[in-house]
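Trainee: One file: start-v9.pdb (PDB, C-alpha atoms).
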```pdb
ATOM      1  CA  MET A 255      61.053  11.025 -29.099
ATOM      2  CA  SER A 256      57.565  10.198 -30.331
ATOM      3  CA  PHE A 257      56.309  13.580 -29.105
ATOM      4  CA  LEU A 258      59.068  15.379 -31.050
ATOM      5  CA  LYS A 259      58.283  13.385 -34.204
ATOM      6  CA  ASN A 260      54.569  14.198 -33.963
ATOM      7  CA  SER A 261      55.280  17.883 -33.271
ATOM      8  CA  LEU A 262      57.582  18.113 -36.261
ATOM      9  CA  SER A 263      54.969  16.411 -38.432
ATOM     10  CA  VAL A 264      52.307  18.920 -37.375
ATOM     11  CA  VAL A 265      54.664  21.859 -38.016
ATOM     12  CA  TYR A 266      55.560  20.418 -41.420
ATOM     13  CA  ILE A 267      51.883  19.988 -42.381
ATOM     14  CA  LEU A 268      51.067  23.561 -41.259
ATOM     15  CA  LEU A 269      53.986  24.970 -43.245
ATOM     16  CA  LEU A 270      53.020  22.978 -46.309
ATOM     17  CA  ALA A 271      49.383  24.042 -46.019
ATOM     18  CA  SER A 272      50.250  27.730 -45.752
ATOM     19  CA  ALA A 273      52.709  27.515 -48.627
ATOM     20  CA  THR A 274      50.107  25.953 -50.911
ATOM     21  CA  GLY A 275      47.361  28.359 -49.879
ATOM     22  CA  MET A 276      45.278  25.781 -48.023
ATOM     23  CA  ALA A 277      45.364  27.858 -44.859
ATOM     24  CA  ALA A 278      44.273  31.039 -46.671
ATOM     25  CA  ASP A 279      40.698  32.263 -46.418
ATOM     26  CA  PRO A 280      38.900  31.173 -49.636
ATOM     27  CA  SER A 281      36.744  34.311 -49.678
ATOM     28  CA  GLN A 282      39.897  36.452 -49.481
ATOM     29  CA  GLN A 283      41.390  34.535 -52.420
ATOM     30  CA  ASN A 284      38.191  35.107 -54.444
ATOM     31  CA  ASP A 285      38.252  38.825 -53.593
ATOM     32  CA  ASP A 286      41.897  39.048 -54.650
ATOM     33  CA  GLN A 287      41.190  37.215 -57.915
ATOM     34  CA  THR A 288      38.205  39.473 -58.628
ATOM     35  CA  LYS A 289      40.296  42.595 -57.994
ATOM     36  CA  GLN A 290      43.091  41.292 -60.239
ATOM     37  CA  GLN A 291      40.591  40.556 -63.015
ATOM     38  CA  GLU A 292      39.028  44.011 -62.674
ATOM     39  CA  LYS A 293      42.510  45.555 -63.022
ATOM     40  CA  ARG A 294      43.213  43.477 -66.150
ATOM     41  CA  GLU A 295      39.898  44.513 -67.689
ATOM     42  CA  LYS A 296      40.428  48.204 -66.887
ATOM     43  CA  LYS A 297      43.946  48.056 -68.366
ATOM     44  CA  PHE A 298      42.619  46.405 -71.541
ATOM     45  CA  GLU A 299      39.865  49.005 -71.836
ATOM     46  CA  GLN A 300      42.363  51.858 -71.444
ATOM     47  CA  GLN A 301      44.909  50.361 -73.846
ATOM     48  CA  MET A 302      42.349  49.725 -76.571
ATOM     49  CA  ALA A 303      40.796  53.215 -76.425
ATOM     50  CA  GLY A 304      42.477  55.044 -79.301
ATOM     51  CA  ALA A 305      44.745  52.112 -80.203
ATOM     52  CA  THR A 306      45.456  51.129 -83.785
ATOM     53  CA  LEU A 307      46.101  47.550 -84.855
ATOM     54  CA  VAL A 308      48.604  47.667 -87.703
ATOM     55  CA  GLY A 309      49.570  44.404 -89.312
ATOM     56  CA  HIS A 310      48.939  41.799 -91.950
ATOM     57  CA  PHE A 311      46.558  39.012 -92.781
ATOM     58  CA  THR A 312      46.625  35.973 -94.993
ATOM     59  CA  VAL A 313      43.922  34.215 -96.956
ATOM     60  CA  ASP A 314      44.243  30.435 -96.765
ATOM     61  CA  GLY A 315      45.308  29.016-100.135
ATOM     62  CA  LYS A 316      45.823  32.436-101.765
ATOM     63  CA  GLN A 317      49.436  33.308-100.924
ATOM     64  CA  ASN A 318      51.037  32.151-104.206
ATOM     65  CA  GLY A 319      54.345  33.685-103.134
ATOM     66  CA  LYS A 320      52.782  37.098-102.485
ATOM     67  CA  ALA A 321      53.407  39.121 -99.340
ATOM     68  CA  PRO A 322      50.642  39.055 -96.726
ATOM     69  CA  ARG A 323      48.035  41.780 -97.121
ATOM     70  CA  VAL A 324      48.105  44.907 -94.964
ATOM     71  CA  GLU A 325      45.345  45.581 -92.431
ATOM     72  CA  ARG A 326      44.547  48.458 -90.105
ATOM     73  CA  TYR A 327      41.908  48.723 -87.394
ATOM     74  CA  GLU A 328      41.523  51.926 -85.405
ATOM     75  CA  ILE A 329      39.876  51.200 -82.069
ATOM     76  CA  ALA A 330      37.859  54.146 -80.775
ATOM     77  CA  SER A 331      36.737  52.420 -77.590
ATOM     78  CA  ALA A 332      36.351  49.130 -75.769
ATOM     79  CA  LYS A 333      33.744  48.975 -73.032
ATOM     80  CA  LYS A 334      32.864  46.030 -70.845
ATOM     81  CA  LEU A 335      29.117  45.444 -70.806
ATOM     82  CA  ASN A 336      28.342  42.383 -68.710
ATOM     83  CA  GLY A 337      30.258  39.188 -67.953
ATOM     84  CA  ASP A 338      32.439  38.427 -70.986
ATOM     85  CA  GLN A 339      30.453  40.751 -73.274
ATOM     86  CA  TRP A 340      32.119  43.909 -74.549
ATOM     87  CA  LEU A 341      31.350  46.602 -77.101
ATOM     88  CA  LEU A 342      34.303  47.468 -79.311
ATOM     89  CA  THR A 343      33.949  50.439 -81.656
ATOM     90  CA  ALA A 344      36.408  50.263 -84.524
ATOM     91  CA  ARG A 345      37.196  51.933 -87.811
ATOM     92  CA  ILE A 346      37.808  49.222 -90.367
ATOM     93  CA  LYS A 347      39.771  49.984 -93.513
ATOM     94  CA  TYR A 348      39.600  47.124 -95.977
ATOM     95  CA  GLY A 349      39.733  47.424 -99.750
ATOM     96  CA  ASN A 350      37.314  50.172-100.763
ATOM     97  CA  HIS A 351      35.616  50.075 -97.366
ATOM     98  CA  ASP A 352      36.302  52.600 -94.615
ATOM     99  CA  ILE A 353      33.670  52.360 -91.882
ATOM    100  CA  SER A 354      33.334  52.866 -88.131
ATOM    101  CA  VAL A 355      31.153  50.319 -86.439
ATOM    102  CA  PRO A 356      30.294  49.180 -82.903
ATOM    103  CA  MET A 357      30.829  45.447 -82.574
ATOM    104  CA  PRO A 358      29.422  43.356 -79.733
ATOM    105  CA  LEU A 359      31.871  40.587 -78.917
ATOM    106  CA  ASN A 360      33.260  38.499 -76.104
ATOM    107  CA  VAL A 361      36.587  38.963 -74.388
ATOM    108  CA  PHE A 362      37.855  35.850 -72.671
ATOM    109  CA  TRP A 363      41.020  35.645 -70.602
ATOM    110  CA  ALA A 364      43.873  33.187 -70.877
ATOM    111  CA  GLY A 365      45.454  34.113 -67.551
ATOM    112  CA  ASP A 366      46.488  37.756 -68.046
ATOM    113  CA  THR A 367      45.958  37.682 -71.826
ATOM    114  CA  PRO A 368      42.730  39.013 -73.385
ATOM    115  CA  VAL A 369      41.310  37.064 -76.321
ATOM    116  CA  ILE A 370      38.619  38.673 -78.465
ATOM    117  CA  SER A 371      36.069  36.183 -79.714
ATOM    118  CA  LEU A 372      33.362  36.904 -82.242
ATOM    119  CA  THR A 373      31.243  34.327 -83.992
ATOM    120  CA  ASN A 374      29.112  34.868 -87.107
ATOM    121  CA  LEU A 375      28.972  38.631 -86.560
ATOM    122  CA  ALA A 376      27.217  40.838 -89.103
ATOM    123  CA  ILE A 377      29.144  44.040 -89.843
ATOM    124  CA  PRO A 378      27.065  46.680 -91.630
ATOM    125  CA  GLY A 379      28.584  47.498 -95.007
ATOM    126  CA  LEU A 380      30.856  44.443 -94.976
ATOM    127  CA  GLY A 381      28.510  41.492 -94.657
ATOM    128  CA  SER A 382      27.687  38.767 -92.171
ATOM    129  CA  GLY A 383      29.271  35.625 -90.843
ATOM    130  CA  PHE A 384      32.518  37.129 -89.513
ATOM    131  CA  THR A 385      34.260  34.888 -87.000
ATOM    132  CA  SER A 386      37.560  35.646 -85.322
ATOM    133  CA  ARG A 387      39.767  34.816 -82.345
ATOM    134  CA  VAL A 388      42.450  37.400 -81.586
ATOM    135  CA  MET A 389      44.773  37.568 -78.595
ATOM    136  CA  PHE A 390      46.637  40.636 -77.362
ATOM    137  CA  PHE A 391      49.951  40.591 -75.512
ATOM    138  CA  GLU A 392      52.875  42.950 -74.985
ATOM    139  CA  GLY A 393      51.974  45.358 -77.786
ATOM    140  CA  ARG A 394      51.182  42.662 -80.352
ATOM    141  CA  TYR A 395      48.125  40.799 -81.585
ATOM    142  CA  ALA A 396      47.668  37.509 -83.413
ATOM    143  CA  GLY A 397      44.780  35.306 -84.365
ATOM    144  CA  THR A 398      42.576  33.712 -86.954
ATOM    145  CA  TRP A 399      39.641  34.984 -88.979
ATOM    146  CA  GLN A 400      36.860  33.409 -90.993
ATOM    147  CA  HIS A 401      34.242  34.912 -93.316
ATOM    148  CA  GLY A 402      32.056  32.217 -94.769
ATOM    149  CA  LYS A 403      34.329  29.604 -96.348
ATOM    150  CA  VAL A 404      37.299  32.000 -96.556
ATOM    151  CA  GLY A 405      39.694  32.396 -93.638
ATOM    152  CA  GLY A 406      43.256  32.945 -92.603
ATOM    153  CA  HIS A 407      45.599  34.383 -90.018
ATOM    154  CA  LEU A 408      46.207  37.919 -88.802
ATOM    155  CA  TRP A 409      48.962  39.490 -86.748
ATOM    156  CA  GLY A 410      50.662  42.770 -86.083
ATOM    157  CA  LYS A 411      51.537  45.412 -83.552
ATOM    158  CA  ILE A 412      49.372  47.655 -81.446
ATOM    159  CA  GLU A 413      50.071  51.351 -81.698
ATOM    160  CA  TYR A 414      48.787  52.877 -78.502
ATOM    161  CA  ALA A 415      47.255  56.328 -78.403
ATOM    162  CA  GLU A 416      49.369  58.901 -76.645
ATOM    163  CA  LYS A 417      47.967  60.111 -73.353
ATOM    164  CA  LYS A 418      46.905  63.758 -73.526
ATOM    165  CA  THR A 419      47.693  66.136 -70.722
ATOM    166  CA  GLU A 420      44.936  68.291 -69.224
ATOM    167  CA  THR A 421      46.336  71.335 -71.073
ATOM    168  CA  GLU A 422      46.161  69.519 -74.427
ATOM    169  CA  GLU A 423      42.593  68.346 -73.776
ATOM    170  CA  LYS A 424      41.403  71.909 -73.066
ATOM    171  CA  LYS A 425      42.608  73.169 -76.451
TER     172      LYS A 425
END
```
Reformat the file's structure so that it appears as structure tokens.

Mentor:
Amino acid sequence: MSFLKNSLSVVYILLLASATGMAADPSQQNDDQTKQQEKREKKFEQQMAGATLVGHFTVDGKQNGKAPRVERYEIASAKKLNGDQWLLTARIKYGNHDISVPMPLNVFWAGDTPVISLTNLAIPGLGSGFTSRVMFFEGRYAGTWQHGKVGGHLWGKIEYAEKKTETEEKK
């Protein structure tokens, strides 16, 4: 009876260990995680290329019953540089400004969700001290922004560029 109890205990421990991943090769898990992250980054890069962020933003303390202001950012490209550093090239339409500018920023990941992070960025033609945190998920974006002492929220939908066929690209 004691032998059967001990055998069942060993089988139980082995089953539990394999179910929780303890028996898996740690280097294999790291390789799998790296591959999954590379896929997420490639997907983000492809989705942002030619995407347009169409939405609204608020200015803290300035609503006074007015509708949120409209914003539009046309993303030409998003390229991973090194580590969390990316270069995002965007056309920014704001007030009388309409400029295209490359912006170095960080992209961090909350699981499968990319979060753009920029801190005290200078944007030629618009000024310096721009700070923002914006997350992207399922065709939408949301976040916060700050420029000096003024800040607020932003949110909207992502309009993805249509994929061109080879025939269309040759024209």

Trainee: Which is closest to A:Val308 among A:His351, A:Lys333, A:His401, A:Arg326, if we use all atoms listed in the file?

Mentor: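 Comparing A:His351, A:Lys333, A:His401, A:Arg326 against A:Val308, the winner is A:Arg326.
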
Trainee: Can you give me, as a ChimeraX atom specification, the residues this file yields under the PyMOL selection byres ((chain A and resi 359-370) around 10)?

Mentor: /A:290-291,294-295,298,334-342,356-358,371-373,375,386-392,395-397

Trainee: Point out the residue among A:Trp409, A:Gln300, A:Ala415, A:Gly379 with the least atom-to-atom distance to A:Glu325, counting only C-alpha atoms.

Mentor: A:Trp409

Trainee: Could you tell me, as a count of residues only, exactly which residues end up selected when the PyMOL selection byres ((chain A and resi 306) around 12) is applied to this structure?

Mentor: 30

Trainee: Using the chain letters and numbers from the file, give me the residues hit by the PyMOL selection byres ((chain A and resi 407) around 6), as a PyMOL selection string.

Mentor: chain A and resi 311-312+397-398+406+408

Trainee: Record the distance separating atom CA of A:Phe384 and atom CA of A:Gln400, expressed in Å with one decimal.

Mentor: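 Between these atoms lies a distance of 5.9 Å.
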
Trainee: Find the distance between atom CA of A:Val324 and atom CA of A:Val404 and write it in Å to one decimal.

Mentor: 16.9 Å

Trainee: Would you work out the distance separating atom CA of A:Lys296 from atom CA of A:Gln283, expressed in Å to one decimal?

Mentor: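 Taking atom CA of A:Lys296 and atom CA of A:Gln283, their separation equals 19.9 Å.
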
Trainee: As lines of an AutoDock Vina configuration file, please: the centre and edge lengths in Å, to one decimal, of an axis-aligned box enclosing every listed atom of stretch 308-314 of chain A with 8 Å added on each side.

Mentor:
```
center_x = 46.7
center_y = 39.1
center_z = -92.3
size_x = 21.6
size_y = 33.2
size_z = 25.3
```

Trainee: For stretch 324-339 of chain A, where the input has fewer atoms than it should, I would like N, CA and C atoms rebuilt and written as a PDB file, in the coordinates of the input.

Mentor:
```pdb
ATOM      1  N   VAL A 324      48.045  43.954 -96.070  1.00  0.00           N
ATOM      2  CA  VAL A 324      48.105  44.907 -94.964  1.00  0.00           C
ATOM      3  C   VAL A 324      46.701  45.126 -94.400  1.00  0.00           C
ATOM      4  N   GLU A 325      46.617  45.257 -93.066  1.00  0.00           N
ATOM      5  CA  GLU A 325      45.345  45.581 -92.431  1.00  0.00           C
ATOM      6  C   GLU A 325      45.571  46.667 -91.394  1.00  0.00           C
ATOM      7  N   ARG A 326      44.485  47.377 -91.088  1.00  0.00           N
ATOM      8  CA  ARG A 326      44.547  48.458 -90.105  1.00  0.00           C
ATOM      9  C   ARG A 326      43.167  48.604 -89.468  1.00  0.00           C
ATOM     10  N   TYR A 327      43.142  48.529 -88.151  1.00  0.00           N
ATOM     11  CA  TYR A 327      41.908  48.723 -87.394  1.00  0.00           C
ATOM     12  C   TYR A 327      42.174  49.808 -86.351  1.00  0.00           C
ATOM     13  N   GLU A 328      41.412  50.862 -86.394  1.00  0.00           N
ATOM     14  CA  GLU A 328      41.523  51.926 -85.405  1.00  0.00           C
ATOM     15  C   GLU A 328      40.425  51.712 -84.369  1.00  0.00           C
ATOM     16  N   ILE A 329      40.828  51.477 -83.136  1.00  0.00           N
ATOM     17  CA  ILE A 329      39.876  51.200 -82.069  1.00  0.00           C
ATOM     18  C   ILE A 329      39.534  52.517 -81.364  1.00  0.00           C
ATOM     19  N   ALA A 330      38.288  52.923 -81.455  1.00  0.00           N
ATOM     20  CA  ALA A 330      37.859  54.146 -80.775  1.00  0.00           C
ATOM     21  C   ALA A 330      37.648  53.879 -79.289  1.00  0.00           C
ATOM     22  N   SER A 331      37.005  52.734 -78.992  1.00  0.00           N
ATOM     23  CA  SER A 331      36.737  52.420 -77.590  1.00  0.00           C
ATOM     24  C   SER A 331      36.485  50.934 -77.408  1.00  0.00           C
ATOM     25  N   ALA A 332      36.680  50.496 -76.189  1.00  0.00           N
ATOM     26  CA  ALA A 332      36.351  49.130 -75.769  1.00  0.00           C
ATOM     27  C   ALA A 332      35.709  49.261 -74.396  1.00  0.00           C
ATOM     28  N   LYS A 333      34.479  48.842 -74.295  1.00  0.00           N
ATOM     29  CA  LYS A 333      33.744  48.975 -73.032  1.00  0.00           C
ATOM     30  C   LYS A 333      33.176  47.628 -72.615  1.00  0.00           C
ATOM     31  N   LYS A 334      33.439  47.263 -71.368  1.00  0.00           N
ATOM     32  CA  LYS A 334      32.864  46.030 -70.845  1.00  0.00           C
ATOM     33  C   LYS A 334      31.382  46.271 -70.586  1.00  0.00           C
ATOM     34  N   LEU A 335      30.556  45.335 -71.020  1.00  0.00           N
ATOM     35  CA  LEU A 335      29.117  45.444 -70.806  1.00  0.00           C
ATOM     36  C   LEU A 335      28.691  44.618 -69.605  1.00  0.00           C
ATOM     37  N   ASN A 336      28.781  43.281 -69.765  1.00  0.00           N
ATOM     38  CA  ASN A 336      28.342  42.383 -68.710  1.00  0.00           C
ATOM     39  C   ASN A 336      29.027  41.040 -68.902  1.00  0.00           C
ATOM     40  N   GLY A 337      29.575  40.480 -67.841  1.00  0.00           N
ATOM     41  CA  GLY A 337      30.258  39.188 -67.953  1.00  0.00           C
ATOM     42  C   GLY A 337      31.410  39.284 -68.933  1.00  0.00           C
ATOM     43  N   ASP A 338      31.389  38.427 -69.958  1.00  0.00           N
ATOM     44  CA  ASP A 338      32.439  38.427 -70.986  1.00  0.00           C
ATOM     45  C   ASP A 338      32.087  39.320 -72.168  1.00  0.00           C
ATOM     46  N   GLN A 339      30.916  39.952 -72.136  1.00  0.00           N
ATOM     47  CA  GLN A 339      30.453  40.751 -73.274  1.00  0.00           C
ATOM     48  C   GLN A 339      31.028  42.162 -73.227  1.00  0.00           C
TER      49      GLN A 339
END
```
